[in-house]
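Engineer: Structure in structure tokens, see below.
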Amino acid sequence: MLRKSLIAVCVLFSVGCSSKSGLGIFSSDSLYEKGLEYTHVGDIVNSFETKAILNATYLNSTDSDKYNDQFQNFLVGIYITEDNEEIENKFLNNKKYLLTLNGSDFNKSRDLNVSDDLWDHIPLKNPHAKYYVISFKKKENLTPLLLEYSHQSLGKVTLSFQAE
């Protein structure tokens, strides 16, 4: 019994003196942390059923060196629960849904995939969503930024961001 107690004390002592803290197992990812701060999620609900989920990160606030240009830039994830369209008409390309910023259409978009630098930094990643970098032309004195995803008849979701 004494031998087991002595072994237990030695093990506890050696673990307790370890240089790694409990939080040390998590790596530091400042882009992820900033992205999390500037990410909002919302959904379109109709008849108590979720029809679409939108998550968006305001990139101008997360990396101003890279995204401080003539655009308001967003990392957008879109998931439509019953998207029965052909692959080229799904997600952002689904004509039944519209994505706008303060009532204006986006100027450019690009698909995001696993080989993109941003992929590993996506906050609140939905494994079923398709991700894009979406850019809207900057307009003067436009605050708040209201990113809206709407469906012709099912409703809409509006996410609000503070302009950079």
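Residue numbers start at 1 in each chain; chains themselves are named A, B, ... in the order of the structure tokens; ligands are numbered from 1 in the order shown.
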Would you tabulate, counting only C-alpha atoms, all residues of range 25-109 of chain A that have an atom at most 10 Å from an atom of range 128-148 of chain A, showing the closest pair of atoms and their distance in Å to one decimal, sorted by chain then ascending number, as JSON lines?
Structural biologist:
{"residue": "A:Gly42", "atom": "CA", "partner": "A:Glu148", "partner_atom": "CA", "distance": 9.8}
{"residue": "A:Ala52", "atom": "CA", "partner": "A:Ala129", "partner_atom": "CA", "distance": 9.7}
{"residue": "A:Ile53", "atom": "CA", "partner": "A:Ala129", "partner_atom": "CA", "distance": 8.2}
{"residue": "A:Leu54", "atom": "CA", "partner": "A:Ala129", "partner_atom": "CA", "distance": 8.6}
{"residue": "A:Asn55", "atom": "CA", "partner": "A:Ala129", "partner_atom": "CA", "distance": 9.1}
{"residue": "A:Ala56", "atom": "CA", "partner": "A:Leu147", "partner_atom": "CA", "distance": 8.5}
{"residue": "A:Thr57", "atom": "CA", "partner": "A:Val133", "partner_atom": "CA", "distance": 9.5}
{"residue": "A:Tyr58", "atom": "CA", "partner": "A:Leu145", "partner_atom": "CA", "distance": 9.6}
{"residue": "A:Leu59", "atom": "CA", "partner": "A:Val133", "partner_atom": "CA", "distance": 8.9}
{"residue": "A:Tyr67", "atom": "CA", "partner": "A:Ser135", "partner_atom": "CA", "distance": 9.9}
{"residue": "A:Asp69", "atom": "CA", "partner": "A:Lys138", "partner_atom": "CA", "distance": 8.5}
{"residue": "A:Gln70", "atom": "CA", "partner": "A:Lys138", "partner_atom": "CA", "distance": 5.6}
{"residue": "A:Phe71", "atom": "CA", "partner": "A:Lys137", "partner_atom": "CA", "distance": 4.5}
{"residue": "A:Gln72", "atom": "CA", "partner": "A:Phe136", "partner_atom": "CA", "distance": 5.1}
{"residue": "A:Asn73", "atom": "CA", "partner": "A:Ser135", "partner_atom": "CA", "distance": 4.5}
{"residue": "A:Phe74", "atom": "CA", "partner": "A:Ile134", "partner_atom": "CA", "distance": 5.2}
{"residue": "A:Leu75", "atom": "CA", "partner": "A:Val133", "partner_atom": "CA", "distance": 4.6}
{"residue": "A:Val76", "atom": "CA", "partner": "A:Tyr132", "partner_atom": "CA", "distance": 5.2}
{"residue": "A:Gly77", "atom": "CA", "partner": "A:Tyr131", "partner_atom": "CA", "distance": 4.3}
{"residue": "A:Ile78", "atom": "CA", "partner": "A:Ala129", "partner_atom": "CA", "distance": 5.0}
{"residue": "A:Tyr79", "atom": "CA", "partner": "A:Ala129", "partner_atom": "CA", "distance": 4.4}
{"residue": "A:Ile80", "atom": "CA", "partner": "A:Ala129", "partner_atom": "CA", "distance": 7.9}
{"residue": "A:Thr81", "atom": "CA", "partner": "A:His128", "partner_atom": "CA", "distance": 9.1}
{"residue": "A:Lys90", "atom": "CA", "partner": "A:Lys130", "partner_atom": "CA", "distance": 9.1}
{"residue": "A:Phe91", "atom": "CA", "partner": "A:Lys130", "partner_atom": "CA", "distance": 6.6}
{"residue": "A:Leu92", "atom": "CA", "partner": "A:Lys130", "partner_atom": "CA", "distance": 8.2}
{"residue": "A:Leu98", "atom": "CA", "partner": "A:Glu148", "partner_atom": "CA", "distance": 7.9}
{"residue": "A:Leu99", "atom": "CA", "partner": "A:Glu148", "partner_atom": "CA", "distance": 5.7}
{"residue": "A:Thr100", "atom": "CA", "partner": "A:Glu148", "partner_atom": "CA", "distance": 5.3}
{"residue": "A:Leu101", "atom": "CA", "partner": "A:Leu147", "partner_atom": "CA", "distance": 4.5}
{"residue": "A:Asn102", "atom": "CA", "partner": "A:Leu146", "partner_atom": "CA", "distance": 5.1}
{"residue": "A:Gly103", "atom": "CA", "partner": "A:Glu148", "partner_atom": "CA", "distance": 7.9}
{"residue": "A:Ser104", "atom": "CA", "partner": "A:Phe136", "partner_atom": "CA", "distance": 7.8}
{"residue": "A:Asp105", "atom": "CA", "partner": "A:Phe136", "partner_atom": "CA", "distance": 7.2}
{"residue": "A:Phe106", "atom": "CA", "partner": "A:Phe136", "partner_atom": "CA", "distance": 4.6}
{"residue": "A:Asn107", "atom": "CA", "partner": "A:Phe136", "partner_atom": "CA", "distance": 5.2}
{"residue": "A:Lys108", "atom": "CA", "partner": "A:Ser135", "partner_atom": "CA", "distance": 5.3}
{"residue": "A:Ser109", "atom": "CA", "partner": "A:Ile134", "partner_atom": "CA", "distance": 4.4}
Engineer: Store the residues picked out above in a file with N, CA and C atoms, as an mmCIF file, in the first residue's frame.
Structural biologist:
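Contents of result_11.cif, freshly written:
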data_model
loop_
_atom_site.group_PDB
_atom_site.id
_atom_site.type_symbol
_atom_site.label_atom_id
_atom_site.label_comp_id
_atom_site.auth_asym_id
_atom_site.auth_seq_id
_atom_site.Cartn_x
_atom_site.Cartn_y
_atom_site.Cartn_z
ATOM 1 N N GLY A 42 -26.393 33.743 -38.524
ATOM 2 C CA GLY A 42 -27.842 33.877 -38.473
ATOM 3 C C GLY A 42 -28.474 32.871 -39.397
ATOM 4 N N ALA A 52 -31.929 28.127 -44.157
ATOM 5 C CA ALA A 52 -30.578 28.511 -44.590
ATOM 6 C C ALA A 52 -29.813 29.072 -43.404
ATOM 7 N N ILE A 53 -28.509 28.883 -43.444
ATOM 8 C CA ILE A 53 -27.631 29.421 -42.394
ATOM 9 C C ILE A 53 -26.558 30.261 -43.073
ATOM 10 N N LEU A 54 -26.351 31.448 -42.535
ATOM 11 C CA LEU A 54 -25.324 32.358 -43.032
ATOM 12 C C LEU A 54 -24.366 32.651 -41.897
ATOM 13 N N ASN A 55 -23.075 32.438 -42.125
ATOM 14 C CA ASN A 55 -22.092 32.941 -41.171
ATOM 15 C C ASN A 55 -21.116 33.815 -41.944
ATOM 16 N N ALA A 56 -20.793 34.956 -41.349
ATOM 17 C CA ALA A 56 -19.966 35.940 -42.051
ATOM 18 C C ALA A 56 -18.953 36.541 -41.097
ATOM 19 N N THR A 57 -17.746 36.721 -41.615
ATOM 20 C CA THR A 57 -16.666 37.375 -40.885
ATOM 21 C C THR A 57 -16.270 38.613 -41.662
ATOM 22 N N TYR A 58 -16.237 39.749 -40.982
ATOM 23 C CA TYR A 58 -15.850 41.010 -41.610
ATOM 24 C C TYR A 58 -14.328 41.046 -41.679
ATOM 25 N N LEU A 59 -13.776 40.802 -42.855
ATOM 26 C CA LEU A 59 -12.329 40.666 -43.025
ATOM 27 C C LEU A 59 -11.573 41.979 -42.877
ATOM 28 N N TYR A 67 -6.827 43.538 -46.182
ATOM 29 C CA TYR A 67 -8.181 43.800 -46.665
ATOM 30 C C TYR A 67 -8.602 45.264 -46.567
ATOM 31 N N ASP A 69 -8.873 47.898 -48.575
ATOM 32 C CA ASP A 69 -8.859 48.356 -49.957
ATOM 33 C C ASP A 69 -10.165 49.096 -50.244
ATOM 34 N N GLN A 70 -10.563 49.184 -51.479
ATOM 35 C CA GLN A 70 -11.768 49.934 -51.838
ATOM 36 C C GLN A 70 -13.036 49.100 -51.649
ATOM 37 N N PHE A 71 -12.910 47.943 -50.970
ATOM 38 C CA PHE A 71 -14.047 47.055 -50.771
ATOM 39 C C PHE A 71 -14.303 46.771 -49.292
ATOM 40 N N GLN A 72 -15.552 46.424 -48.996
ATOM 41 C CA GLN A 72 -15.922 45.825 -47.716
ATOM 42 C C GLN A 72 -15.863 44.321 -47.990
ATOM 43 N N ASN A 73 -14.961 43.623 -47.317
ATOM 44 C CA ASN A 73 -14.685 42.216 -47.613
ATOM 45 C C ASN A 73 -15.205 41.309 -46.496
ATOM 46 N N PHE A 74 -15.851 40.240 -46.901
ATOM 47 C CA PHE A 74 -16.424 39.297 -45.956
ATOM 48 C C PHE A 74 -16.039 37.871 -46.330
ATOM 49 N N LEU A 75 -15.792 37.076 -45.329
ATOM 50 C CA LEU A 75 -15.680 35.632 -45.484
ATOM 51 C C LEU A 75 -17.075 35.108 -45.154
ATOM 52 N N VAL A 76 -17.735 34.505 -46.135
ATOM 53 C CA VAL A 76 -19.129 34.119 -45.978
ATOM 54 C C VAL A 76 -19.280 32.618 -46.171
ATOM 55 N N GLY A 77 -19.986 31.994 -45.242
ATOM 56 C CA GLY A 77 -20.360 30.589 -45.360
ATOM 57 C C GLY A 77 -21.858 30.496 -45.542
ATOM 58 N N ILE A 78 -22.292 29.732 -46.534
ATOM 59 C CA ILE A 78 -23.715 29.592 -46.829
ATOM 60 C C ILE A 78 -24.073 28.112 -46.823
ATOM 61 N N TYR A 79 -25.147 27.804 -46.098
ATOM 62 C CA TYR A 79 -25.697 26.457 -46.120
ATOM 63 C C TYR A 79 -27.199 26.572 -46.300
ATOM 64 N N ILE A 80 -27.725 25.903 -47.303
ATOM 65 C CA ILE A 80 -29.161 25.868 -47.562
ATOM 66 C C ILE A 80 -29.601 24.434 -47.306
ATOM 67 N N THR A 81 -30.555 24.245 -46.390
ATOM 68 C CA THR A 81 -30.906 22.894 -45.944
ATOM 69 C C THR A 81 -31.489 22.032 -47.053
ATOM 70 N N LYS A 90 -26.042 26.053 -56.711
ATOM 71 C CA LYS A 90 -26.186 25.899 -55.263
ATOM 72 C C LYS A 90 -25.541 27.067 -54.510
ATOM 73 N N PHE A 91 -25.828 27.136 -53.247
ATOM 74 C CA PHE A 91 -25.222 28.062 -52.306
ATOM 75 C C PHE A 91 -25.341 29.514 -52.793
ATOM 76 N N LEU A 92 -24.235 30.183 -53.023
ATOM 77 C CA LEU A 92 -24.252 31.584 -53.452
ATOM 78 C C LEU A 92 -24.920 31.751 -54.811
ATOM 79 N N LEU A 98 -30.631 35.886 -52.195
ATOM 80 C CA LEU A 98 -29.890 37.087 -52.580
ATOM 81 C C LEU A 98 -29.062 37.571 -51.395
ATOM 82 N N LEU A 99 -27.798 37.865 -51.646
ATOM 83 C CA LEU A 99 -26.897 38.407 -50.627
ATOM 84 C C LEU A 99 -26.585 39.855 -50.975
ATOM 85 N N THR A 100 -26.875 40.764 -50.044
ATOM 86 C CA THR A 100 -26.629 42.194 -50.276
ATOM 87 C C THR A 100 -25.982 42.826 -49.047
ATOM 88 N N LEU A 101 -25.354 43.972 -49.263
ATOM 89 C CA LEU A 101 -24.808 44.786 -48.176
ATOM 90 C C LEU A 101 -25.465 46.146 -48.273
ATOM 91 N N ASN A 102 -26.231 46.496 -47.286
ATOM 92 C CA ASN A 102 -26.993 47.752 -47.278
ATOM 93 C C ASN A 102 -27.758 47.940 -48.598
ATOM 94 N N GLY A 103 -28.337 46.858 -49.095
ATOM 95 C CA GLY A 103 -29.162 46.914 -50.295
ATOM 96 C C GLY A 103 -28.411 46.799 -51.612
ATOM 97 N N SER A 104 -27.087 46.749 -51.590
ATOM 98 C CA SER A 104 -26.293 46.667 -52.825
ATOM 99 C C SER A 104 -25.769 45.245 -53.046
ATOM 100 N N ASP A 105 -25.747 44.837 -54.308
ATOM 101 C CA ASP A 105 -25.192 43.536 -54.672
ATOM 102 C C ASP A 105 -23.673 43.550 -54.513
ATOM 103 N N PHE A 106 -23.086 42.370 -54.347
ATOM 104 C CA PHE A 106 -21.632 42.288 -54.235
ATOM 105 C C PHE A 106 -20.995 42.514 -55.602
ATOM 106 N N ASN A 107 -19.738 42.993 -55.568
ATOM 107 C CA ASN A 107 -19.007 43.288 -56.794
ATOM 108 C C ASN A 107 -18.141 42.132 -57.266
ATOM 109 N N LYS A 108 -17.656 41.352 -56.310
ATOM 110 C CA LYS A 108 -16.843 40.209 -56.694
ATOM 111 C C LYS A 108 -16.919 39.136 -55.613
ATOM 112 N N SER A 109 -16.659 37.917 -56.049
ATOM 113 C CA SER A 109 -16.642 36.791 -55.113
ATOM 114 C C SER A 109 -15.644 35.759 -55.615
#
Engineer: Using DSSP assignments from the backbone, pull out every residue in chain A that falls under alpha helix (DSSP H) and give it to me as number ranges by chain.
Structural biologist: A: 2-16, 30-37, 59-62, 64-67
Engineer: Could you turn the residues from that selection into a file that holds N, CA and C atoms, as an mmCIF file, in the first residue's frame?
Structural biologist:
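To be explicit, this is the file written out as result_37.cif:
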data_model
loop_
_atom_site.group_PDB
_atom_site.id
_atom_site.type_symbol
_atom_site.label_atom_id
_atom_site.label_comp_id
_atom_site.auth_asym_id
_atom_site.auth_seq_id
_atom_site.Cartn_x
_atom_site.Cartn_y
_atom_site.Cartn_z
ATOM 1 N N LEU A 2 1.924 1.235 0.827
ATOM 2 C CA LEU A 2 2.832 2.369 0.902
ATOM 3 C C LEU A 2 3.547 2.567 -0.428
ATOM 4 N N ARG A 3 3.894 1.472 -1.073
ATOM 5 C CA ARG A 3 4.589 1.554 -2.365
ATOM 6 C C ARG A 3 3.685 2.201 -3.420
ATOM 7 N N LYS A 4 2.394 1.839 -3.467
ATOM 8 C CA LYS A 4 1.447 2.424 -4.420
ATOM 9 C C LYS A 4 1.275 3.914 -4.157
ATOM 10 N N SER A 5 1.218 4.302 -2.903
ATOM 11 C CA SER A 5 1.077 5.716 -2.551
ATOM 12 C C SER A 5 2.301 6.503 -2.971
ATOM 13 N N LEU A 6 3.487 5.913 -2.756
ATOM 14 C CA LEU A 6 4.725 6.565 -3.143
ATOM 15 C C LEU A 6 4.803 6.752 -4.660
ATOM 16 N N ILE A 7 4.389 5.755 -5.431
ATOM 17 C CA ILE A 7 4.378 5.849 -6.891
ATOM 18 C C ILE A 7 3.394 6.933 -7.327
ATOM 19 N N ALA A 8 2.221 6.969 -6.712
ATOM 20 C CA ALA A 8 1.206 7.975 -7.061
ATOM 21 C C ALA A 8 1.720 9.385 -6.786
ATOM 22 N N VAL A 9 2.409 9.592 -5.670
ATOM 23 C CA VAL A 9 2.961 10.901 -5.334
ATOM 24 C C VAL A 9 4.032 11.302 -6.346
ATOM 25 N N CYS A 10 4.892 10.359 -6.722
ATOM 26 C CA CYS A 10 5.944 10.658 -7.704
ATOM 27 C C CYS A 10 5.342 11.031 -9.052
ATOM 28 N N VAL A 11 4.322 10.303 -9.487
ATOM 29 C CA VAL A 11 3.672 10.602 -10.764
ATOM 30 C C VAL A 11 3.022 11.980 -10.701
ATOM 31 N N LEU A 12 2.290 12.265 -9.640
ATOM 32 C CA LEU A 12 1.644 13.574 -9.494
ATOM 33 C C LEU A 12 2.669 14.698 -9.460
ATOM 34 N N PHE A 13 3.784 14.472 -8.755
ATOM 35 C CA PHE A 13 4.822 15.495 -8.675
ATOM 36 C C PHE A 13 5.426 15.767 -10.044
ATOM 37 N N SER A 14 5.714 14.704 -10.806
ATOM 38 C CA SER A 14 6.337 14.910 -12.119
ATOM 39 C C SER A 14 5.363 15.557 -13.099
ATOM 40 N N VAL A 15 4.093 15.231 -13.040
ATOM 41 C CA VAL A 15 3.096 15.860 -13.909
ATOM 42 C C VAL A 15 2.893 17.309 -13.484
ATOM 43 N N GLY A 16 2.860 17.553 -12.190
ATOM 44 C CA GLY A 16 2.648 18.908 -11.671
ATOM 45 C C GLY A 16 3.782 19.847 -12.007
ATOM 46 N N SER A 30 -3.871 34.152 -34.020
ATOM 47 C CA SER A 30 -4.444 35.479 -33.864
ATOM 48 C C SER A 30 -5.461 35.795 -34.950
ATOM 49 N N LEU A 31 -5.271 35.291 -36.167
ATOM 50 C CA LEU A 31 -6.249 35.536 -37.224
ATOM 51 C C LEU A 31 -7.571 34.863 -36.885
ATOM 52 N N TYR A 32 -7.509 33.657 -36.345
ATOM 53 C CA TYR A 32 -8.720 32.963 -35.922
ATOM 54 C C TYR A 32 -9.399 33.733 -34.786
ATOM 55 N N GLU A 33 -8.610 34.167 -33.808
ATOM 56 C CA GLU A 33 -9.168 34.891 -32.669
ATOM 57 C C GLU A 33 -9.824 36.199 -33.095
ATOM 58 N N LYS A 34 -9.157 36.966 -33.959
ATOM 59 C CA LYS A 34 -9.756 38.207 -34.465
ATOM 60 C C LYS A 34 -10.990 37.900 -35.299
ATOM 61 N N GLY A 35 -10.897 36.856 -36.109
ATOM 62 C CA GLY A 35 -12.032 36.463 -36.934
ATOM 63 C C GLY A 35 -13.236 36.103 -36.097
ATOM 64 N N LEU A 36 -13.012 35.415 -35.005
ATOM 65 C CA LEU A 36 -14.098 35.033 -34.114
ATOM 66 C C LEU A 36 -14.802 36.270 -33.557
ATOM 67 N N GLU A 37 -14.024 37.296 -33.269
ATOM 68 C CA GLU A 37 -14.583 38.542 -32.736
ATOM 69 C C GLU A 37 -15.471 39.249 -33.763
ATOM 70 N N LEU A 59 -13.776 40.802 -42.855
ATOM 71 C CA LEU A 59 -12.329 40.666 -43.025
ATOM 72 C C LEU A 59 -11.573 41.979 -42.877
ATOM 73 N N ASN A 60 -12.200 43.119 -43.183
ATOM 74 C CA ASN A 60 -11.508 44.400 -43.053
ATOM 75 C C ASN A 60 -11.032 44.620 -41.624
ATOM 76 N N SER A 61 -11.760 44.098 -40.647
ATOM 77 C CA SER A 61 -11.375 44.254 -39.243
ATOM 78 C C SER A 61 -10.386 43.194 -38.783
ATOM 79 N N THR A 62 -10.343 42.054 -39.446
ATOM 80 C CA THR A 62 -9.457 40.979 -38.988
ATOM 81 C C THR A 62 -8.027 41.135 -39.475
ATOM 82 N N SER A 64 -6.393 44.233 -41.468
ATOM 83 C CA SER A 64 -6.508 45.512 -42.180
ATOM 84 C C SER A 64 -5.381 45.724 -43.194
ATOM 85 N N ASP A 65 -4.227 45.107 -42.992
ATOM 86 C CA ASP A 65 -3.145 45.239 -43.973
ATOM 87 C C ASP A 65 -3.521 44.585 -45.299
ATOM 88 N N LYS A 66 -4.175 43.459 -45.228
ATOM 89 C CA LYS A 66 -4.529 42.713 -46.431
ATOM 90 C C LYS A 66 -5.869 43.160 -47.032
ATOM 91 N N TYR A 67 -6.827 43.538 -46.182
ATOM 92 C CA TYR A 67 -8.181 43.800 -46.665
ATOM 93 C C TYR A 67 -8.602 45.264 -46.567
#
